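Structure first, commentary second.
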Amino acid sequence: MPSTTTAPETDPSKTVVEEVTGWLRLYSDGTVERLTPPGAEPFTVIVPPYTEPRNGVTVHDVTTARGVDVRLYLPAEPPAAAPRPRRRRPLLLHFHGGGFCLSRPSWALYHNFYAPLAAELDVAGIVSVFLPLAPEYRLPAAIDAGHAALLWLRDVACGDEGNLNPAVERLRDEADFSRVFLIGDSSGGNLVHLVAAHAAAKDDGAGADLHAVRLAGGVLLNPGFAREEKSRSELENPPSLFLTEEMVDKLLALGVPLGMNKDSPYTSPSLVAEAVARLHMPPMLLVVAEKDLLHDPQVEYGEAMARVGKTVETVVSRGAVAHVFYLNFFAVESDPLTAERTRELIDTIKTFIDRY
């Protein structure tokens, strides 16, 4: 996993070669120091897993045989006297954000949205992937991890996982593996597209690689698409705690392969769409926040996908809501507009899943 390091003044042989203010320092020896800026501390608290239900959900961390770790959010089992649901329910595979460089799915930032979401949606559970972080592990490492998680779901569905713990057994018994939806926040939204494209290229439409697992759709929540030429929204919309111009410029540059910039097939909205023109892609739900710095590149992605014949439903969260507003649990609790837009977002996700 990514390493941390001491401050450079305690090791004069090290110099800072790149810094994202408040979040990350990259040193000359290749080590990385990840920081927490003032005001972000409550969001970066690690929430441990728990097997006793809280608000209708249990949380389980699993080390898979595919080389990736995942966090499972499972709706609590019904009381022993209650009848168990007979029909299988869809499954969500989640990719966290952080510009490919930051955050963990165990952060309170994600837990406080995805744990309640698992209880509210009619799903068997949500599987969140612990992604390898750049710059130690640049793209396509996170794409490979996402595909490995899909292969693990295939192993679970086919009974090939072996030594299943009770949480994974429940997932195997209750999930409809023909209705797997990818969902991701910020750069995790990029991964929804990129992992789906990777799977489509491997399957070549025949489903040979994933077998029992079928991607039924993708949900891109405020994805991290951007170009080298700044869009109008980047120049005019205000920054937020979770996204500044500096973060867009530096984190994405650290996330893509060496020698690439934001005009890459991982981040450019037009290039990522052109790359899948001949692939069979699942339908996508694209959610855009009106005051997101990346509003315009996100809209451009939806338009570019439509031009190559792909199904993308674009929904805009109106008003003064910024990048990944729904993850700011303080704002959701205290600001009526943020609470209303978050409620609408959850309803939109539910409708999309029910449709496919």
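Each chain in the structure tokens gets a letter, A, B, ..., in the order shown, and its residues are numbered from 1; ligands are numbered from 1 in order too.
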
So that I can see what lies close to Glu344 (chain A), please list as a PyMOL selection string the residues with an atom at most 9 Å from it, counting only C-alpha atoms and leaving out residues fewer than 5 positions away in the same chain. chain A and resi 317+339+349

Residues from last step as file, N, CA, C and O atoms, as a tab-separated table (two decimals), in the first residue's frame:
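File written: out_35.tsv
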chain	number	residue	atom	x	y	z
A	317	SER	N	-27.84	18.32	-10.96
A	317	SER	CA	-28.28	18.77	-9.64
A	317	SER	C	-28.20	20.29	-9.63
A	317	SER	O	-27.10	20.86	-9.65
A	339	ALA	N	-29.50	18.87	1.22
A	339	ALA	CA	-30.30	17.71	1.62
A	339	ALA	C	-31.30	17.34	0.52
A	339	ALA	O	-31.47	16.15	0.19
A	349	ILE	N	-30.74	7.45	-8.67
A	349	ILE	CA	-29.99	6.19	-8.72
A	349	ILE	C	-30.95	5.00	-8.63
A	349	ILE	O	-30.84	4.02	-9.38

As a ChimeraX atom specification, please: all residues of region 93-320 of chain A that backbone DSSP puts in strand (DSSP E or B). /A:93-95,107,125-129,175-185,215-221,240,243,284-289,312-317

Residues of the last selection are to be written out with N, CA and C atoms, as a CSV table (one decimal), in the first residue's frame.
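Output file selection.csv follows:
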chain,number,residue,atom,x,y,z
A,93,LEU,N,-21.0,-2.2,-7.5
A,93,LEU,CA,-19.5,-2.2,-7.3
A,93,LEU,C,-19.1,-0.7,-7.3
A,94,HIS,N,-18.5,-0.3,-6.2
A,94,HIS,CA,-18.2,1.1,-6.0
A,94,HIS,C,-16.7,1.4,-6.1
A,95,PHE,N,-16.4,2.5,-6.8
A,95,PHE,CA,-15.0,3.0,-6.9
A,95,PHE,C,-14.9,4.4,-6.3
A,107,TRP,N,-13.1,5.6,4.7
A,107,TRP,CA,-13.3,7.0,5.2
A,107,TRP,C,-14.8,7.2,5.6
A,125,GLY,N,-26.3,-5.6,-1.9
A,125,GLY,CA,-25.2,-5.0,-1.2
A,125,GLY,C,-24.4,-4.1,-2.1
A,126,ILE,N,-23.5,-3.4,-1.5
A,126,ILE,CA,-22.5,-2.5,-2.2
A,126,ILE,C,-21.1,-3.0,-1.9
A,127,VAL,N,-20.3,-3.3,-2.9
A,127,VAL,CA,-19.0,-3.7,-2.8
A,127,VAL,C,-18.1,-2.5,-3.2
A,128,SER,N,-17.3,-2.0,-2.2
A,128,SER,CA,-16.4,-0.9,-2.5
A,128,SER,C,-14.9,-1.4,-2.5
A,129,VAL,N,-14.2,-1.0,-3.6
A,129,VAL,CA,-12.9,-1.5,-3.8
A,129,VAL,C,-11.8,-0.6,-3.2
A,175,ALA,N,-27.4,-12.1,-4.3
A,175,ALA,CA,-27.1,-11.1,-5.3
A,175,ALA,C,-27.5,-11.7,-6.7
A,176,ASP,N,-28.1,-10.8,-7.5
A,176,ASP,CA,-28.3,-11.2,-8.9
A,176,ASP,C,-27.1,-10.7,-9.7
A,177,PHE,N,-26.2,-11.6,-10.0
A,177,PHE,CA,-24.9,-11.3,-10.6
A,177,PHE,C,-25.1,-10.9,-12.1
A,178,SER,N,-26.3,-11.0,-12.7
A,178,SER,CA,-26.5,-10.5,-14.0
A,178,SER,C,-27.0,-9.1,-14.0
A,179,ARG,N,-27.0,-8.5,-12.8
A,179,ARG,CA,-27.4,-7.1,-12.6
A,179,ARG,C,-26.4,-6.4,-11.7
A,180,VAL,N,-25.1,-6.3,-12.2
A,180,VAL,CA,-24.1,-5.6,-11.4
A,180,VAL,C,-24.0,-4.2,-12.0
A,181,PHE,N,-24.1,-3.2,-11.1
A,181,PHE,CA,-24.0,-1.8,-11.5
A,181,PHE,C,-22.7,-1.2,-11.0
A,182,LEU,N,-21.9,-0.6,-11.8
A,182,LEU,CA,-20.7,0.2,-11.3
A,182,LEU,C,-21.2,1.5,-10.9
A,183,ILE,N,-20.6,2.1,-9.8
A,183,ILE,CA,-20.9,3.4,-9.3
A,183,ILE,C,-19.6,4.0,-8.8
A,184,GLY,N,-19.4,5.3,-9.1
A,184,GLY,CA,-18.1,5.9,-8.6
A,184,GLY,C,-18.3,7.4,-8.4
A,185,ASP,N,-17.5,8.0,-7.5
A,185,ASP,CA,-17.5,9.4,-7.2
A,185,ASP,C,-16.3,10.0,-7.8
A,215,LEU,N,-22.5,-6.6,-16.5
A,215,LEU,CA,-22.6,-5.2,-16.2
A,215,LEU,C,-24.0,-4.7,-16.7
A,216,ALA,N,-24.9,-4.3,-15.8
A,216,ALA,CA,-26.2,-3.8,-16.2
A,216,ALA,C,-26.2,-2.3,-16.4
A,217,GLY,N,-25.2,-1.6,-15.8
A,217,GLY,CA,-25.2,-0.2,-16.0
A,217,GLY,C,-24.1,0.4,-15.2
A,218,GLY,N,-23.9,1.7,-15.4
A,218,GLY,CA,-22.9,2.5,-14.7
A,218,GLY,C,-23.4,3.8,-14.2
A,219,VAL,N,-23.0,4.2,-13.0
A,219,VAL,CA,-23.5,5.5,-12.4
A,219,VAL,C,-22.2,6.3,-12.1
A,220,LEU,N,-22.1,7.4,-12.9
A,220,LEU,CA,-20.9,8.3,-12.7
A,220,LEU,C,-21.4,9.6,-12.0
A,221,LEU,N,-20.9,9.7,-10.7
A,221,LEU,CA,-21.3,10.8,-9.9
A,221,LEU,C,-20.3,11.8,-9.9
A,240,SER,N,-14.1,24.2,-3.8
A,240,SER,CA,-14.7,23.7,-2.6
A,240,SER,C,-13.7,22.9,-1.8
A,243,LEU,N,-12.6,20.0,-4.0
A,243,LEU,CA,-12.0,20.1,-5.3
A,243,LEU,C,-11.7,21.6,-5.6
A,284,MET,N,-25.4,4.3,-19.1
A,284,MET,CA,-24.8,5.1,-18.0
A,284,MET,C,-25.7,6.1,-17.5
A,285,LEU,N,-25.6,6.4,-16.2
A,285,LEU,CA,-26.3,7.5,-15.6
A,285,LEU,C,-25.2,8.5,-15.2
A,286,LEU,N,-25.2,9.7,-15.7
A,286,LEU,CA,-24.2,10.7,-15.4
A,286,LEU,C,-24.9,11.8,-14.6
A,287,VAL,N,-24.4,12.0,-13.4
A,287,VAL,CA,-24.9,13.0,-12.5
A,287,VAL,C,-23.9,14.2,-12.4
A,288,VAL,N,-24.4,15.4,-12.7
A,288,VAL,CA,-23.6,16.6,-12.7
A,288,VAL,C,-24.1,17.6,-11.7
A,289,ALA,N,-23.2,18.2,-11.0
A,289,ALA,CA,-23.6,19.3,-10.0
A,289,ALA,C,-23.4,20.6,-10.7
A,312,VAL,N,-26.5,7.3,-22.5
A,312,VAL,CA,-26.1,8.1,-21.3
A,312,VAL,C,-27.3,9.0,-20.9
A,313,GLU,N,-27.7,8.9,-19.7
A,313,GLU,CA,-28.7,9.8,-19.2
A,313,GLU,C,-28.0,10.8,-18.3
A,314,THR,N,-28.1,12.1,-18.6
A,314,THR,CA,-27.5,13.1,-17.9
A,314,THR,C,-28.5,13.8,-17.0
A,315,VAL,N,-28.2,13.9,-15.7
A,315,VAL,CA,-29.1,14.5,-14.7
A,315,VAL,C,-28.2,15.6,-14.0
A,316,VAL,N,-28.7,16.8,-14.0
A,316,VAL,CA,-28.0,18.0,-13.3
A,316,VAL,C,-28.7,18.3,-12.0
A,317,SER,N,-27.8,18.3,-11.0
A,317,SER,CA,-28.3,18.8,-9.6
A,317,SER,C,-28.2,20.3,-9.6

Residues of region 138-243 of chain A that approach region 63-69 of chain A to 12 Å or less, counting only C-alpha atoms: could you list each one with the shortest pair of atoms and its distance in Å to one decimal, rows by chain and increasing residue number, as a Markdown table?
| residue | atom | partner | partner_atom | distance |
| --- | --- | --- | --- | --- |
| A:Ala141 | CA | A:Val68 | CA | 11.3 |
| A:Ala142 | CA | A:Val68 | CA | 10.3 |
| A:Ile143 | CA | A:Val68 | CA | 11.7 |
| A:Asp144 | CA | A:Val68 | CA | 9.7 |
| A:Ala145 | CA | A:Val68 | CA | 6.4 |
| A:Gly146 | CA | A:Val68 | CA | 8.5 |
| A:His147 | CA | A:Arg66 | CA | 9.7 |
| A:Ala148 | CA | A:Arg66 | CA | 5.9 |
| A:Ala149 | CA | A:Val68 | CA | 6.7 |
| A:Leu150 | CA | A:Arg66 | CA | 9.4 |
| A:Leu151 | CA | A:Arg66 | CA | 7.4 |
| A:Trp152 | CA | A:Arg66 | CA | 6.0 |
| A:Leu153 | CA | A:Thr64 | CA | 9.7 |
| A:Arg154 | CA | A:Arg66 | CA | 10.8 |
| A:Asp155 | CA | A:Ala65 | CA | 9.3 |
| A:Val156 | CA | A:Thr64 | CA | 10.1 |
| A:Asp160 | CA | A:Ala65 | CA | 10.1 |
| A:Glu161 | CA | A:Ala65 | CA | 7.3 |
| A:Gly162 | CA | A:Ala65 | CA | 9.0 |
| A:Asn163 | CA | A:Ala65 | CA | 10.1 |
| A:Leu164 | CA | A:Thr64 | CA | 9.8 |
| A:Asn165 | CA | A:Thr63 | CA | 10.6 |
| A:Val168 | CA | A:Thr64 | CA | 10.2 |

Go ahead and save the picked residues with N, CA, C and O atoms, as a PDB file, in the first residue's frame.
ATOM      1  N   ALA A 141      -3.422   1.038 -13.174  1.00  0.00           N
ATOM      2  CA  ALA A 141      -3.467   0.150 -12.009  1.00  0.00           C
ATOM      3  C   ALA A 141      -4.858   0.094 -11.386  1.00  0.00           C
ATOM      4  O   ALA A 141      -5.349  -0.988 -11.024  1.00  0.00           O
ATOM      5  N   ALA A 142      -5.526   1.242 -11.249  1.00  0.00           N
ATOM      6  CA  ALA A 142      -6.861   1.249 -10.642  1.00  0.00           C
ATOM      7  C   ALA A 142      -7.879   0.551 -11.527  1.00  0.00           C
ATOM      8  O   ALA A 142      -8.826  -0.080 -11.032  1.00  0.00           O
ATOM      9  N   ILE A 143      -7.699   0.638 -12.844  1.00  0.00           N
ATOM     10  CA  ILE A 143      -8.592  -0.073 -13.767  1.00  0.00           C
ATOM     11  C   ILE A 143      -8.405  -1.578 -13.599  1.00  0.00           C
ATOM     12  O   ILE A 143      -9.379  -2.339 -13.552  1.00  0.00           O
ATOM     13  N   ASP A 144      -7.165  -2.004 -13.504  1.00  0.00           N
ATOM     14  CA  ASP A 144      -6.887  -3.435 -13.298  1.00  0.00           C
ATOM     15  C   ASP A 144      -7.499  -3.917 -11.982  1.00  0.00           C
ATOM     16  O   ASP A 144      -8.031  -5.040 -11.903  1.00  0.00           O
ATOM     17  N   ALA A 145      -7.427  -3.075 -10.935  1.00  0.00           N
ATOM     18  CA  ALA A 145      -8.029  -3.461  -9.651  1.00  0.00           C
ATOM     19  C   ALA A 145      -9.543  -3.566  -9.765  1.00  0.00           C
ATOM     20  O   ALA A 145     -10.159  -4.473  -9.190  1.00  0.00           O
ATOM     21  N   GLY A 146     -10.142  -2.639 -10.503  1.00  0.00           N
ATOM     22  CA  GLY A 146     -11.590  -2.715 -10.716  1.00  0.00           C
ATOM     23  C   GLY A 146     -11.981  -3.976 -11.457  1.00  0.00           C
ATOM     24  O   GLY A 146     -12.988  -4.623 -11.118  1.00  0.00           O
ATOM     25  N   HIS A 147     -11.196  -4.346 -12.465  1.00  0.00           N
ATOM     26  CA  HIS A 147     -11.509  -5.575 -13.203  1.00  0.00           C
ATOM     27  C   HIS A 147     -11.273  -6.802 -12.327  1.00  0.00           C
ATOM     28  O   HIS A 147     -12.042  -7.776 -12.402  1.00  0.00           O
ATOM     29  N   ALA A 148     -10.243  -6.756 -11.481  1.00  0.00           N
ATOM     30  CA  ALA A 148     -10.004  -7.867 -10.564  1.00  0.00           C
ATOM     31  C   ALA A 148     -11.187  -8.046  -9.616  1.00  0.00           C
ATOM     32  O   ALA A 148     -11.554  -9.185  -9.274  1.00  0.00           O
ATOM     33  N   ALA A 149     -11.787  -6.938  -9.191  1.00  0.00           N
ATOM     34  CA  ALA A 149     -12.972  -7.032  -8.335  1.00  0.00           C
ATOM     35  C   ALA A 149     -14.134  -7.688  -9.074  1.00  0.00           C
ATOM     36  O   ALA A 149     -14.889  -8.480  -8.493  1.00  0.00           O
ATOM     37  N   LEU A 150     -14.273  -7.390 -10.362  1.00  0.00           N
ATOM     38  CA  LEU A 150     -15.312  -8.054 -11.161  1.00  0.00           C
ATOM     39  C   LEU A 150     -15.032  -9.550 -11.282  1.00  0.00           C
ATOM     40  O   LEU A 150     -15.960 -10.377 -11.195  1.00  0.00           O
ATOM     41  N   LEU A 151     -13.780  -9.906 -11.473  1.00  0.00           N
ATOM     42  CA  LEU A 151     -13.434 -11.329 -11.545  1.00  0.00           C
ATOM     43  C   LEU A 151     -13.701 -12.022 -10.214  1.00  0.00           C
ATOM     44  O   LEU A 151     -14.119 -13.190 -10.185  1.00  0.00           O
ATOM     45  N   TRP A 152     -13.467 -11.311  -9.107  1.00  0.00           N
ATOM     46  CA  TRP A 152     -13.787 -11.886  -7.797  1.00  0.00           C
ATOM     47  C   TRP A 152     -15.291 -12.114  -7.674  1.00  0.00           C
ATOM     48  O   TRP A 152     -15.718 -13.170  -7.170  1.00  0.00           O
ATOM     49  N   LEU A 153     -16.098 -11.156  -8.135  1.00  0.00           N
ATOM     50  CA  LEU A 153     -17.551 -11.358  -8.115  1.00  0.00           C
ATOM     51  C   LEU A 153     -17.930 -12.572  -8.959  1.00  0.00           C
ATOM     52  O   LEU A 153     -18.837 -13.336  -8.593  1.00  0.00           O
ATOM     53  N   ARG A 154     -17.245 -12.756 -10.094  1.00  0.00           N
ATOM     54  CA  ARG A 154     -17.497 -13.945 -10.908  1.00  0.00           C
ATOM     55  C   ARG A 154     -17.161 -15.204 -10.122  1.00  0.00           C
ATOM     56  O   ARG A 154     -17.912 -16.196 -10.151  1.00  0.00           O
ATOM     57  N   ASP A 155     -16.028 -15.189  -9.408  1.00  0.00           N
ATOM     58  CA  ASP A 155     -15.652 -16.353  -8.604  1.00  0.00           C
ATOM     59  C   ASP A 155     -16.719 -16.648  -7.550  1.00  0.00           C
ATOM     60  O   ASP A 155     -17.083 -17.814  -7.316  1.00  0.00           O
ATOM     61  N   VAL A 156     -17.213 -15.591  -6.899  1.00  0.00           N
ATOM     62  CA  VAL A 156     -18.247 -15.769  -5.871  1.00  0.00           C
ATOM     63  C   VAL A 156     -19.508 -16.343  -6.499  1.00  0.00           C
ATOM     64  O   VAL A 156     -20.108 -17.298  -5.980  1.00  0.00           O
ATOM     65  N   ASP A 160     -16.451 -20.402  -6.947  1.00  0.00           N
ATOM     66  CA  ASP A 160     -15.021 -20.697  -7.070  1.00  0.00           C
ATOM     67  C   ASP A 160     -14.163 -19.934  -6.069  1.00  0.00           C
ATOM     68  O   ASP A 160     -12.936 -20.063  -6.095  1.00  0.00           O
ATOM     69  N   GLU A 161     -14.774 -19.127  -5.220  1.00  0.00           N
ATOM     70  CA  GLU A 161     -13.993 -18.305  -4.300  1.00  0.00           C
ATOM     71  C   GLU A 161     -13.334 -19.159  -3.224  1.00  0.00           C
ATOM     72  O   GLU A 161     -12.175 -18.969  -2.901  1.00  0.00           O
ATOM     73  N   GLY A 162     -14.053 -20.108  -2.657  1.00  0.00           N
ATOM     74  CA  GLY A 162     -13.473 -20.959  -1.618  1.00  0.00           C
ATOM     75  C   GLY A 162     -13.352 -20.230  -0.290  1.00  0.00           C
ATOM     76  O   GLY A 162     -13.097 -19.030  -0.244  1.00  0.00           O
ATOM     77  N   ASN A 163     -13.550 -20.926   0.788  1.00  0.00           N
ATOM     78  CA  ASN A 163     -13.429 -20.363   2.137  1.00  0.00           C
ATOM     79  C   ASN A 163     -14.231 -19.066   2.308  1.00  0.00           C
ATOM     80  O   ASN A 163     -13.715 -18.044   2.772  1.00  0.00           O
ATOM     81  N   LEU A 164     -15.483 -19.108   1.882  1.00  0.00           N
ATOM     82  CA  LEU A 164     -16.318 -17.919   1.979  1.00  0.00           C
ATOM     83  C   LEU A 164     -16.605 -17.586   3.438  1.00  0.00           C
ATOM     84  O   LEU A 164     -16.972 -18.466   4.217  1.00  0.00           O
ATOM     85  N   ASN A 165     -16.449 -16.322   3.812  1.00  0.00           N
ATOM     86  CA  ASN A 165     -16.905 -15.933   5.135  1.00  0.00           C
ATOM     87  C   ASN A 165     -18.404 -15.693   5.074  1.00  0.00           C
ATOM     88  O   ASN A 165     -18.995 -15.606   3.980  1.00  0.00           O
ATOM     89  N   VAL A 168     -19.698 -12.928   2.646  1.00  0.00           N
ATOM     90  CA  VAL A 168     -19.584 -13.240   1.222  1.00  0.00           C
ATOM     91  C   VAL A 168     -20.588 -14.324   0.837  1.00  0.00           C
ATOM     92  O   VAL A 168     -21.137 -14.319  -0.273  1.00  0.00           O
TER      93      VAL A 168
END

Apply DSSP to the backbone of this structure and, from region 25-185 of chain A, keep only the residues in alpha helix (DSSP H); write these as number ranges by chain. A: 108-120, 141-158, 166-174

Could the residues in this selection be written to a file with N, CA, C and O atoms, as a short mmCIF file (atom, residue, chain, number, x, y, z; two decimals), in the first residue's frame?
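Below is the file part24.cif, written as the result:
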data_model
loop_
_atom_site.label_atom_id
_atom_site.label_comp_id
_atom_site.auth_asym_id
_atom_site.auth_seq_id
_atom_site.Cartn_x
_atom_site.Cartn_y
_atom_site.Cartn_z
N ALA A 108 -15.00 8.05 6.58
CA ALA A 108 -16.36 8.48 6.92
C ALA A 108 -17.02 9.19 5.74
O ALA A 108 -18.24 9.14 5.57
N LEU A 109 -16.23 9.86 4.92
CA LEU A 109 -16.73 10.54 3.72
C LEU A 109 -17.62 9.62 2.90
O LEU A 109 -18.70 10.03 2.44
N TYR A 110 -17.18 8.39 2.69
CA TYR A 110 -17.94 7.43 1.89
C TYR A 110 -18.92 6.64 2.73
O TYR A 110 -20.06 6.38 2.30
N HIS A 111 -18.49 6.24 3.92
CA HIS A 111 -19.36 5.42 4.78
C HIS A 111 -20.69 6.10 5.03
O HIS A 111 -21.75 5.46 4.99
N ASN A 112 -20.67 7.40 5.29
CA ASN A 112 -21.90 8.09 5.67
C ASN A 112 -22.86 8.28 4.52
O ASN A 112 -24.00 8.68 4.73
N PHE A 113 -22.42 7.98 3.30
CA PHE A 113 -23.34 7.98 2.16
C PHE A 113 -23.68 6.57 1.72
O PHE A 113 -24.86 6.24 1.51
N TYR A 114 -22.68 5.71 1.61
CA TYR A 114 -22.92 4.39 1.02
C TYR A 114 -23.54 3.38 1.99
O TYR A 114 -24.26 2.48 1.54
N ALA A 115 -23.29 3.52 3.28
CA ALA A 115 -23.98 2.63 4.22
C ALA A 115 -25.48 2.88 4.21
O ALA A 115 -26.26 1.93 4.05
N PRO A 116 -25.94 4.13 4.34
CA PRO A 116 -27.39 4.37 4.22
C PRO A 116 -27.93 4.00 2.84
O PRO A 116 -29.07 3.54 2.73
N LEU A 117 -27.13 4.20 1.80
CA LEU A 117 -27.60 3.87 0.45
C LEU A 117 -27.86 2.37 0.33
O LEU A 117 -28.85 1.95 -0.29
N ALA A 118 -27.00 1.55 0.92
CA ALA A 118 -27.19 0.10 0.87
C ALA A 118 -28.48 -0.31 1.57
O ALA A 118 -29.15 -1.28 1.16
N ALA A 119 -28.84 0.43 2.62
CA ALA A 119 -30.08 0.11 3.34
C ALA A 119 -31.30 0.58 2.56
O ALA A 119 -32.36 -0.04 2.63
N GLU A 120 -31.15 1.67 1.82
CA GLU A 120 -32.31 2.27 1.16
C GLU A 120 -32.64 1.66 -0.18
O GLU A 120 -33.80 1.48 -0.53
N ALA A 141 -3.42 1.04 -13.17
CA ALA A 141 -3.47 0.15 -12.01
C ALA A 141 -4.86 0.09 -11.39
O ALA A 141 -5.35 -0.99 -11.02
N ALA A 142 -5.53 1.24 -11.25
CA ALA A 142 -6.86 1.25 -10.64
C ALA A 142 -7.88 0.55 -11.53
O ALA A 142 -8.83 -0.08 -11.03
N ILE A 143 -7.70 0.64 -12.84
CA ILE A 143 -8.59 -0.07 -13.77
C ILE A 143 -8.40 -1.58 -13.60
O ILE A 143 -9.38 -2.34 -13.55
N ASP A 144 -7.16 -2.00 -13.50
CA ASP A 144 -6.89 -3.43 -13.30
C ASP A 144 -7.50 -3.92 -11.98
O ASP A 144 -8.03 -5.04 -11.90
N ALA A 145 -7.43 -3.07 -10.94
CA ALA A 145 -8.03 -3.46 -9.65
C ALA A 145 -9.54 -3.57 -9.77
O ALA A 145 -10.16 -4.47 -9.19
N GLY A 146 -10.14 -2.64 -10.50
CA GLY A 146 -11.59 -2.71 -10.72
C GLY A 146 -11.98 -3.98 -11.46
O GLY A 146 -12.99 -4.62 -11.12
N HIS A 147 -11.20 -4.35 -12.46
CA HIS A 147 -11.51 -5.57 -13.20
C HIS A 147 -11.27 -6.80 -12.33
O HIS A 147 -12.04 -7.78 -12.40
N ALA A 148 -10.24 -6.76 -11.48
CA ALA A 148 -10.00 -7.87 -10.56
C ALA A 148 -11.19 -8.05 -9.62
O ALA A 148 -11.55 -9.19 -9.27
N ALA A 149 -11.79 -6.94 -9.19
CA ALA A 149 -12.97 -7.03 -8.34
C ALA A 149 -14.13 -7.69 -9.07
O ALA A 149 -14.89 -8.48 -8.49
N LEU A 150 -14.27 -7.39 -10.36
CA LEU A 150 -15.31 -8.05 -11.16
C LEU A 150 -15.03 -9.55 -11.28
O LEU A 150 -15.96 -10.38 -11.20
N LEU A 151 -13.78 -9.91 -11.47
CA LEU A 151 -13.43 -11.33 -11.55
C LEU A 151 -13.70 -12.02 -10.21
O LEU A 151 -14.12 -13.19 -10.19
N TRP A 152 -13.47 -11.31 -9.11
CA TRP A 152 -13.79 -11.89 -7.80
C TRP A 152 -15.29 -12.11 -7.67
O TRP A 152 -15.72 -13.17 -7.17
N LEU A 153 -16.10 -11.16 -8.14
CA LEU A 153 -17.55 -11.36 -8.12
C LEU A 153 -17.93 -12.57 -8.96
O LEU A 153 -18.84 -13.34 -8.59
N ARG A 154 -17.25 -12.76 -10.09
CA ARG A 154 -17.50 -13.95 -10.91
C ARG A 154 -17.16 -15.20 -10.12
O ARG A 154 -17.91 -16.20 -10.15
N ASP A 155 -16.03 -15.19 -9.41
CA ASP A 155 -15.65 -16.35 -8.60
C ASP A 155 -16.72 -16.65 -7.55
O ASP A 155 -17.08 -17.81 -7.32
N VAL A 156 -17.21 -15.59 -6.90
CA VAL A 156 -18.25 -15.77 -5.87
C VAL A 156 -19.51 -16.34 -6.50
O VAL A 156 -20.11 -17.30 -5.98
N ALA A 157 -19.91 -15.78 -7.64
CA ALA A 157 -21.14 -16.23 -8.30
C ALA A 157 -21.05 -17.69 -8.73
O ALA A 157 -22.03 -18.43 -8.65
N CYS A 158 -19.86 -18.10 -9.15
CA CYS A 158 -19.68 -19.47 -9.68
C CYS A 158 -19.26 -20.47 -8.60
O CYS A 158 -19.04 -21.65 -8.91
N PRO A 166 -19.09 -15.58 6.20
CA PRO A 166 -20.56 -15.47 6.18
C PRO A 166 -21.07 -14.29 5.35
O PRO A 166 -22.12 -14.41 4.70
N ALA A 167 -20.36 -13.15 5.37
CA ALA A 167 -20.81 -11.99 4.60
C ALA A 167 -20.76 -12.28 3.11
O ALA A 167 -21.70 -11.94 2.36
N VAL A 168 -19.70 -12.93 2.65
CA VAL A 168 -19.58 -13.24 1.22
C VAL A 168 -20.59 -14.32 0.84
O VAL A 168 -21.14 -14.32 -0.27
N GLU A 169 -20.84 -15.25 1.74
CA GLU A 169 -21.87 -16.26 1.47
C GLU A 169 -23.23 -15.61 1.26
O GLU A 169 -23.98 -16.00 0.36
N ARG A 170 -23.55 -14.64 2.08
CA ARG A 170 -24.82 -13.92 1.91
C ARG A 170 -24.86 -13.25 0.55
O ARG A 170 -25.88 -13.28 -0.14
N LEU A 171 -23.76 -12.63 0.17
CA LEU A 171 -23.71 -11.96 -1.14
C LEU A 171 -23.94 -12.97 -2.25
O LEU A 171 -24.71 -12.72 -3.18
N ARG A 172 -23.28 -14.11 -2.16
CA ARG A 172 -23.45 -15.16 -3.17
C ARG A 172 -24.90 -15.63 -3.26
O ARG A 172 -25.44 -15.84 -4.35
N ASP A 173 -25.55 -15.76 -2.10
CA ASP A 173 -26.90 -16.33 -2.07
C ASP A 173 -27.98 -15.33 -2.46
O ASP A 173 -29.07 -15.73 -2.89
N GLU A 174 -27.70 -14.03 -2.30
CA GLU A 174 -28.76 -13.04 -2.47
C GLU A 174 -28.59 -12.12 -3.67
O GLU A 174 -29.53 -11.47 -4.09
#

Would you please work out which residue, of A:Gly56, A:Val17, A:Leu121, A:Arg71, is nearest to Thr348 (chain A) when using only C-alpha atoms?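 Smallest separation from Thr348 (chain A) among the options: A:Leu121.
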